[in-house]
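Trainee: Structure below; questions to follow.
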Amino acid sequence: MDSAGWDSFTKRTGIKVVLDAAAAFDSLRPGSAPAMVSLHATKAFGIGEGGVVIARAPEFIGRVRRRSNFGFNAEHGVEVAGGNYKMSEYAAAVGHAALDLWPAMRDAARGVAEAYKKALEGLPGLRIPSWFGQHAGAYCVVELTQPIGAQVVRELDRAGIESRLWWGRPCHSHLAFAKCKRSPLPNTEWLASRVLNLPFYPDLTTADVLRVRDALGAILASQHRSAALLKKAL
Ligand SMILES: Cc1ncc(COP(=O)(O)O)c(C=O)c1O
């Protein structure tokens, strides 16, 4: 995660930044901007529930501590409004155990990413982000060259492979937000229909990865044939 880039943005513009580094446990290189890292079960370093704030300024860290502990200061006086946002004892214990396992989990996650990269490279109709596999993550997010994400998810499901549209349905397409004022959102729609999340967990074997690749390859080839036939017919 490019903290240095955001620090120079703040220097240039005077706009302060807080980094949503939820999924960046392995890739975050802290800069001046405070960052929030999620430790939720869906992340590469998951402890069940919780997160950490990473910041350099001691005064800022003190404020985060006070606010997450009912607003109490060191003398146990309440000087600011706060809440009970401390990590639970149980989550902390799981975190301690997970730290012992981290080197092995990290290697396993990077191994799965490597297997995916090798398997998916050159598959027509698919693009792999350049950063994929550089750090241990918990996802295999790829981009389809055509807006056929929903069909691909359905077809993979039929083959017994669960996948997700990474962004789900765009906010403005939900009933609750449909009446909200908005400008056109072509980038949102573009991404929502093309970005796909494939099965990913550290125990995934290379054989599993190849099964996903074969199913995906067959679906994309069939979509490509249908599109070509339609084009010819028109
Ligand atoms: C970019 C981003 N921000 C925030 C969150 C929320 O993190 P948490 O589940 O720890 O609240 C996530 C988790 O999926 C995320 O990916």
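Chain labels follow the order of the structure tokens: the first chain is A, the next B, and so on; residue numbering restarts at 1 in every chain, and ligands are counted from 1 in their shown order.
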Give as a PDB file with N, CA, C and O atoms, in the first residue's frame the residues surrounding ligand 1 up to a distance of 6 Å, considering only C-alpha atoms and all ligand atoms.

Mentor:
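So the final result, stored in selection-v8.pdb, reads:
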```pdb
ATOM      1  N   ASP A  20      -7.565   3.619   4.682  1.00  0.00           N
ATOM      2  CA  ASP A  20      -8.328   2.396   4.906  1.00  0.00           C
ATOM      3  C   ASP A  20      -7.449   1.256   4.387  1.00  0.00           C
ATOM      4  O   ASP A  20      -7.481   0.906   3.219  1.00  0.00           O
ATOM      5  N   ALA A  22      -7.552  -1.821   5.341  1.00  0.00           N
ATOM      6  CA  ALA A  22      -8.215  -2.988   5.934  1.00  0.00           C
ATOM      7  C   ALA A  22      -7.566  -4.301   5.500  1.00  0.00           C
ATOM      8  O   ALA A  22      -7.337  -5.181   6.324  1.00  0.00           O
ATOM      9  N   ALA A  23      -7.264  -4.416   4.217  1.00  0.00           N
ATOM     10  CA  ALA A  23      -6.775  -5.701   3.711  1.00  0.00           C
ATOM     11  C   ALA A  23      -5.258  -5.713   3.548  1.00  0.00           C
ATOM     12  O   ALA A  23      -4.710  -6.600   2.910  1.00  0.00           O
ATOM     13  N   SER A  38      -7.653  -4.111   9.170  1.00  0.00           N
ATOM     14  CA  SER A  38      -8.670  -5.033   9.703  1.00  0.00           C
ATOM     15  C   SER A  38      -8.043  -6.379  10.047  1.00  0.00           C
ATOM     16  O   SER A  38      -7.178  -6.877   9.336  1.00  0.00           O
ATOM     17  N   LEU A  39      -8.486  -6.949  11.150  1.00  0.00           N
ATOM     18  CA  LEU A  39      -8.051  -8.298  11.526  1.00  0.00           C
ATOM     19  C   LEU A  39      -9.244  -9.251  11.472  1.00  0.00           C
ATOM     20  O   LEU A  39      -9.279 -10.274  12.158  1.00  0.00           O
ATOM     21  N   HIS A  40     -10.237  -8.881  10.676  1.00  0.00           N
ATOM     22  CA  HIS A  40     -11.436  -9.716  10.544  1.00  0.00           C
ATOM     23  C   HIS A  40     -11.086 -11.070   9.923  1.00  0.00           C
ATOM     24  O   HIS A  40     -10.058 -11.197   9.238  1.00  0.00           O
ATOM     25  N   GLY A  50     -11.897  -7.571  14.782  1.00  0.00           N
ATOM     26  CA  GLY A  50     -11.033  -6.543  15.382  1.00  0.00           C
ATOM     27  C   GLY A  50     -10.169  -5.864  14.342  1.00  0.00           C
ATOM     28  O   GLY A  50     -10.264  -6.147  13.144  1.00  0.00           O
ATOM     29  N   GLY A  51      -9.340  -4.960  14.804  1.00  0.00           N
ATOM     30  CA  GLY A  51      -8.467  -4.244  13.884  1.00  0.00           C
ATOM     31  C   GLY A  51      -7.430  -3.463  14.664  1.00  0.00           C
ATOM     32  O   GLY A  51      -7.455  -3.433  15.897  1.00  0.00           O
TER      33      GLY A  51
END
```

Trainee: Using DSSP on the backbone coordinates, identify the residues of segment 15-216 of chain A assigned to helix (DSSP H, G or I); present them as a CSV table (one decimal) with N, CA and C atoms, in the first residue's frame.

Mentor:
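As written to disk, out05.csv reads:
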```csv
chain,number,residue,atom,x,y,z
A,58,PRO,N,2.7,10.1,18.6
A,58,PRO,CA,2.3,9.6,20.0
A,58,PRO,C,1.0,10.3,20.5
A,59,GLU,N,0.9,11.6,20.2
A,59,GLU,CA,-0.3,12.3,20.6
A,59,GLU,C,-1.6,11.7,20.0
A,60,PHE,N,-1.5,11.4,18.7
A,60,PHE,CA,-2.6,10.8,18.0
A,60,PHE,C,-3.0,9.4,18.6
A,61,ILE,N,-1.9,8.6,18.8
A,61,ILE,CA,-2.1,7.3,19.4
A,61,ILE,C,-2.8,7.3,20.7
A,62,GLY,N,-2.3,8.3,21.5
A,62,GLY,CA,-2.9,8.5,22.8
A,62,GLY,C,-4.4,8.8,22.7
A,63,ARG,N,-4.8,9.7,21.7
A,63,ARG,CA,-6.2,10.0,21.6
A,63,ARG,C,-7.0,8.8,21.2
A,64,VAL,N,-6.4,8.0,20.3
A,64,VAL,CA,-7.2,6.8,19.8
A,64,VAL,C,-7.4,5.9,21.0
A,65,ARG,N,-6.3,5.7,21.9
A,65,ARG,CA,-6.4,4.8,23.1
A,65,ARG,C,-7.5,5.4,24.0
A,66,ARG,N,-7.5,6.7,24.2
A,66,ARG,CA,-8.5,7.2,25.1
A,66,ARG,C,-10.0,7.0,24.6
A,67,ARG,N,-10.1,7.3,23.3
A,67,ARG,CA,-11.5,7.2,22.8
A,67,ARG,C,-12.0,5.8,22.7
A,68,SER,N,-11.0,4.9,22.6
A,68,SER,CA,-11.5,3.5,22.5
A,68,SER,C,-11.7,2.9,23.9
A,89,GLU,N,-10.5,-9.9,25.0
A,89,GLU,CA,-9.4,-10.8,25.5
A,89,GLU,C,-9.3,-12.0,24.6
A,90,TYR,N,-10.5,-12.5,24.2
A,90,TYR,CA,-10.5,-13.7,23.4
A,90,TYR,C,-9.8,-13.4,22.0
A,91,ALA,N,-10.3,-12.3,21.4
A,91,ALA,CA,-9.7,-12.0,20.1
A,91,ALA,C,-8.2,-11.8,20.2
A,92,ALA,N,-7.8,-11.1,21.3
A,92,ALA,CA,-6.3,-10.9,21.5
A,92,ALA,C,-5.6,-12.2,21.6
A,93,ALA,N,-6.2,-13.2,22.3
A,93,ALA,CA,-5.5,-14.5,22.5
A,93,ALA,C,-5.4,-15.2,21.1
A,94,VAL,N,-6.5,-15.1,20.3
A,94,VAL,CA,-6.4,-15.7,19.0
A,94,VAL,C,-5.4,-15.0,18.2
A,95,GLY,N,-5.3,-13.7,18.3
A,95,GLY,CA,-4.3,-13.0,17.6
A,95,GLY,C,-2.8,-13.4,17.9
A,96,HIS,N,-2.6,-13.6,19.2
A,96,HIS,CA,-1.3,-14.1,19.7
A,96,HIS,C,-0.9,-15.4,19.0
A,97,ALA,N,-1.9,-16.3,19.0
A,97,ALA,CA,-1.7,-17.6,18.4
A,97,ALA,C,-1.5,-17.5,16.9
A,98,ALA,N,-2.3,-16.6,16.3
A,98,ALA,CA,-2.2,-16.4,14.8
A,98,ALA,C,-0.8,-15.8,14.4
A,99,LEU,N,-0.2,-14.9,15.3
A,99,LEU,CA,1.1,-14.4,15.0
A,99,LEU,C,2.1,-15.5,14.9
A,100,ASP,N,2.0,-16.5,15.8
A,100,ASP,CA,3.0,-17.6,15.7
A,100,ASP,C,2.9,-18.3,14.4
A,101,LEU,N,1.6,-18.4,13.9
A,101,LEU,CA,1.4,-19.1,12.6
A,101,LEU,C,1.7,-18.3,11.4
A,102,TRP,N,1.8,-17.0,11.6
A,102,TRP,CA,1.8,-16.0,10.5
A,102,TRP,C,2.9,-16.4,9.4
A,103,PRO,N,4.1,-16.7,9.8
A,103,PRO,CA,5.1,-16.9,8.7
A,103,PRO,C,4.6,-18.1,7.8
A,104,ALA,N,4.1,-19.1,8.3
A,104,ALA,CA,3.6,-20.2,7.5
A,104,ALA,C,2.4,-19.9,6.7
A,105,MET,N,1.4,-19.1,7.3
A,105,MET,CA,0.2,-18.7,6.6
A,105,MET,C,0.6,-17.7,5.5
A,106,ARG,N,1.5,-16.9,5.8
A,106,ARG,CA,2.0,-15.9,4.7
A,106,ARG,C,2.5,-16.6,3.5
A,107,ASP,N,3.4,-17.6,3.8
A,107,ASP,CA,4.0,-18.4,2.7
A,107,ASP,C,2.9,-19.1,1.9
A,108,ALA,N,2.0,-19.7,2.7
A,108,ALA,CA,0.9,-20.5,2.0
A,108,ALA,C,0.1,-19.6,1.1
A,109,ALA,N,-0.3,-18.4,1.6
A,109,ALA,CA,-1.1,-17.5,0.8
A,109,ALA,C,-0.4,-17.0,-0.4
A,110,ARG,N,0.9,-16.8,-0.3
A,110,ARG,CA,1.7,-16.3,-1.4
A,110,ARG,C,1.8,-17.5,-2.4
A,111,GLY,N,1.9,-18.7,-1.9
A,111,GLY,CA,2.0,-19.9,-2.8
A,111,GLY,C,0.7,-20.1,-3.6
A,112,VAL,N,-0.5,-19.9,-3.0
A,112,VAL,CA,-1.7,-20.0,-3.7
A,112,VAL,C,-1.8,-18.9,-4.8
A,113,ALA,N,-1.4,-17.7,-4.4
A,113,ALA,CA,-1.4,-16.6,-5.4
A,113,ALA,C,-0.5,-16.9,-6.6
A,114,GLU,N,0.7,-17.5,-6.3
A,114,GLU,CA,1.6,-17.8,-7.3
A,114,GLU,C,1.0,-18.9,-8.3
A,115,ALA,N,0.3,-19.9,-7.7
A,115,ALA,CA,-0.4,-20.9,-8.5
A,115,ALA,C,-1.4,-20.3,-9.4
A,116,TYR,N,-2.2,-19.4,-8.8
A,116,TYR,CA,-3.2,-18.7,-9.6
A,116,TYR,C,-2.6,-17.9,-10.8
A,117,LYS,N,-1.6,-17.2,-10.4
A,117,LYS,CA,-0.9,-16.4,-11.5
A,117,LYS,C,-0.5,-17.2,-12.6
A,118,LYS,N,0.2,-18.3,-12.3
A,118,LYS,CA,0.7,-19.2,-13.3
A,118,LYS,C,-0.5,-19.8,-14.1
A,119,ALA,N,-1.6,-20.2,-13.4
A,119,ALA,CA,-2.7,-20.9,-14.1
A,119,ALA,C,-3.5,-19.9,-14.9
A,120,LEU,N,-3.7,-18.7,-14.5
A,120,LEU,CA,-4.6,-17.8,-15.2
A,120,LEU,C,-3.9,-16.9,-16.2
A,149,GLY,N,-19.7,-10.4,-15.5
A,149,GLY,CA,-19.4,-11.0,-14.2
A,149,GLY,C,-20.6,-11.8,-13.6
A,150,ALA,N,-21.8,-11.3,-13.7
A,150,ALA,CA,-22.9,-12.0,-13.1
A,150,ALA,C,-23.1,-13.4,-13.8
A,151,GLN,N,-23.0,-13.4,-15.1
A,151,GLN,CA,-23.1,-14.7,-15.8
A,151,GLN,C,-22.0,-15.7,-15.3
A,152,VAL,N,-20.8,-15.2,-15.2
A,152,VAL,CA,-19.7,-16.0,-14.9
A,152,VAL,C,-19.9,-16.6,-13.5
A,153,VAL,N,-20.3,-15.8,-12.5
A,153,VAL,CA,-20.6,-16.2,-11.2
A,153,VAL,C,-21.6,-17.4,-11.2
A,154,ARG,N,-22.7,-17.2,-12.0
A,154,ARG,CA,-23.7,-18.2,-12.1
A,154,ARG,C,-23.2,-19.5,-12.7
A,155,GLU,N,-22.4,-19.4,-13.7
A,155,GLU,CA,-21.8,-20.6,-14.4
A,155,GLU,C,-20.8,-21.3,-13.5
A,156,LEU,N,-20.0,-20.6,-12.8
A,156,LEU,CA,-19.1,-21.2,-11.9
A,156,LEU,C,-19.9,-21.9,-10.8
A,157,ASP,N,-20.9,-21.3,-10.3
A,157,ASP,CA,-21.8,-21.9,-9.3
A,157,ASP,C,-22.3,-23.3,-9.8
A,158,ARG,N,-22.7,-23.3,-11.0
A,158,ARG,CA,-23.2,-24.5,-11.6
A,158,ARG,C,-22.1,-25.6,-11.6
A,171,CYS,N,-24.3,0.6,-5.1
A,171,CYS,CA,-25.2,1.2,-4.1
A,171,CYS,C,-26.5,1.7,-4.8
A,172,HIS,N,-26.3,2.4,-5.9
A,172,HIS,CA,-27.4,3.1,-6.5
A,172,HIS,C,-28.4,2.2,-7.1
A,173,SER,N,-28.0,0.9,-7.2
A,173,SER,CA,-29.0,-0.1,-7.8
A,173,SER,C,-29.8,-0.7,-6.7
A,175,LEU,N,-32.6,-0.7,-3.7
A,175,LEU,CA,-33.9,0.0,-3.5
A,175,LEU,C,-33.7,1.2,-2.5
A,176,ALA,N,-32.9,0.9,-1.4
A,176,ALA,CA,-32.8,1.8,-0.3
A,176,ALA,C,-32.1,3.1,-0.8
A,177,PHE,N,-31.3,3.0,-1.9
A,177,PHE,CA,-30.5,4.2,-2.3
A,177,PHE,C,-31.0,4.7,-3.7
A,186,PRO,N,-20.4,5.8,-14.4
A,186,PRO,CA,-19.9,4.8,-15.3
A,186,PRO,C,-18.8,3.9,-14.8
A,187,ASN,N,-17.9,4.5,-14.0
A,187,ASN,CA,-16.8,3.7,-13.4
A,187,ASN,C,-17.3,2.6,-12.5
A,188,THR,N,-18.2,3.0,-11.6
A,188,THR,CA,-18.8,2.1,-10.7
A,188,THR,C,-19.4,0.9,-11.4
A,189,GLU,N,-20.2,1.3,-12.5
A,189,GLU,CA,-20.9,0.2,-13.2
A,189,GLU,C,-19.9,-0.7,-13.9
A,190,TRP,N,-18.9,-0.1,-14.5
A,190,TRP,CA,-17.8,-0.8,-15.2
A,190,TRP,C,-17.2,-1.8,-14.3
A,191,LEU,N,-16.8,-1.4,-13.1
A,191,LEU,CA,-16.1,-2.2,-12.1
A,191,LEU,C,-17.1,-3.3,-11.6
A,192,ALA,N,-18.3,-2.9,-11.3
A,192,ALA,CA,-19.3,-3.9,-10.7
A,192,ALA,C,-19.5,-5.0,-11.6
A,206,THR,N,-3.0,-26.7,-5.7
A,206,THR,CA,-2.8,-26.4,-7.1
A,206,THR,C,-3.8,-27.1,-7.9
A,207,ALA,N,-4.2,-28.3,-7.5
A,207,ALA,CA,-5.3,-29.0,-8.3
A,207,ALA,C,-6.6,-28.2,-8.2
A,208,ASP,N,-6.9,-27.6,-7.0
A,208,ASP,CA,-8.1,-26.8,-6.9
A,208,ASP,C,-8.0,-25.6,-7.9
A,209,VAL,N,-6.8,-25.0,-7.8
A,209,VAL,CA,-6.6,-23.8,-8.7
A,209,VAL,C,-6.8,-24.1,-10.1
A,210,LEU,N,-6.3,-25.3,-10.5
A,210,LEU,CA,-6.4,-25.7,-12.0
A,210,LEU,C,-7.9,-26.0,-12.3
A,211,ARG,N,-8.6,-26.5,-11.3
A,211,ARG,CA,-10.0,-26.8,-11.6
A,211,ARG,C,-10.8,-25.5,-11.8
A,212,VAL,N,-10.5,-24.5,-11.0
A,212,VAL,CA,-11.1,-23.2,-11.2
A,212,VAL,C,-10.7,-22.6,-12.5
A,213,ARG,N,-9.4,-22.7,-12.9
A,213,ARG,CA,-9.0,-22.2,-14.2
A,213,ARG,C,-9.7,-22.9,-15.3
A,214,ASP,N,-9.8,-24.2,-15.3
A,214,ASP,CA,-10.5,-24.9,-16.4
A,214,ASP,C,-11.9,-24.5,-16.5
A,215,ALA,N,-12.6,-24.4,-15.4
A,215,ALA,CA,-14.0,-24.1,-15.4
A,215,ALA,C,-14.2,-22.6,-16.0
A,216,LEU,N,-13.4,-21.7,-15.5
A,216,LEU,CA,-13.4,-20.3,-15.9
A,216,LEU,C,-13.1,-20.2,-17.4
```

Trainee: Find the spatial neighbours of Leu126 of chain A, counting only C-alpha atoms, within a cut-off of 7 Å - ignore same-chain residues fewer than 2 positions away - and output them as a list in words.

Mentor: Leu123, Pro124, Ile128, Val142, Glu143, Leu144 and Thr145 of chain A

Trainee: With C-alpha atoms retained, export the selected residues as a PDB file, in the first residue's frame.

Mentor:
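What follows is the written file out_0.pdb:
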```pdb
ATOM      1  CA  LEU A 123      -6.422 -16.871 -20.244  1.00  0.00           C
ATOM      2  CA  PRO A 124      -8.404 -14.937 -22.883  1.00  0.00           C
ATOM      3  CA  ILE A 128      -4.823 -10.171 -13.448  1.00  0.00           C
ATOM      4  CA  VAL A 142      -9.429 -10.605 -11.368  1.00  0.00           C
ATOM      5  CA  GLU A 143     -10.917  -8.370 -14.017  1.00  0.00           C
ATOM      6  CA  LEU A 144     -13.037  -9.683 -16.873  1.00  0.00           C
ATOM      7  CA  THR A 145     -12.564  -7.861 -20.145  1.00  0.00           C
TER       8      THR A 145
END
```

Trainee: When you look at Gly71 of chain A with a cut-off of 8 Å (counting only C-alpha atoms), what residues show up, excluding the ones that are within fewer than 6 positions of it in the same chain? I need them as a PyMOL selection string.

Mentor: chain A and resi 77-83

Trainee: Return as a ChimeraX atom specification the full set of residues in segment 19-201 of chain A whose backbone-based DSSP assignment is strand (DSSP E or B).

Mentor: /A:19-20,35-38,40,48,51-54,69,72,78,84,126-127,140-144,164-165,195-198

Trainee: Of the candidates A:Ala55, A:Ala227, A:Leu165, A:Met87, which shows the shortest atom-to-atom distance to Leu28 of chain A, using only C-alpha atoms?

Mentor: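 Selected residue with least distance to Leu28 of chain A: A:Ala55.
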
Trainee: Which of these, A:Ala138, A:Ala4, A:Val18, A:Ala74, has the shortest distance to Ala41 of chain A once you count only C-alpha atoms?

Mentor: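 Among the listed residues, A:Ala138 lies closest to Ala41 of chain A.
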
Trainee: One decimal, Å: what's the distance from atom CA of Gly46 of chain A over to atom CA of His135 of chain A, could you say?

Mentor: 15.2 Å

Trainee: Nearest residue to Glu49 of chain A out of A:Tyr85, A:Phe132, A:Tyr201, A:Trp167, using only C-alpha atoms?

Mentor: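 Among A:Tyr85, A:Phe132, A:Tyr201, A:Trp167, it is A:Tyr85 that comes nearest to Glu49 of chain A.
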
Trainee: Here is a test: counting only C-alpha atoms, which residue of A:Gln134, A:Leu229, A:Tyr139, A:Ile219 is nearest to Leu196 of chain A?

Mentor: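 Closest candidate: A:Tyr139.
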
Trainee: Would you mind reading off the distance between atom CA of Ala33 of chain A and atom CA of Cys140 of chain A, one decimal, in Å?

Mentor: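 Atom CA of Cys140 of chain A lies 27.4 Å from atom CA of Ala33 of chain A.
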
Trainee: Between atom CA of Val141 of chain A and atom CA of Thr205 of chain A, what is the distance, to one decimal in Å?

Mentor: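 Computed distance, atom CA of Val141 of chain A to atom CA of Thr205 of chain A, equals 17.5 Å.
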
Trainee: Can you work out which one of A:Lys232, A:Val37, A:Phe9, A:Pro147 has the shortest atom-to-atom distance to Leu220 of chain A, counting only C-alpha atoms?

Mentor: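 Checking each candidate against Leu220 of chain A, we get A:Pro147 as the closest.
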
Trainee: Which one is closest to Arg194 of chain A: A:Ser163, A:Ser226, A:Ser8, A:Gln146? Count only C-alpha atoms.

Mentor: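 Smallest distance to Arg194 of chain A is found for A:Gln146.
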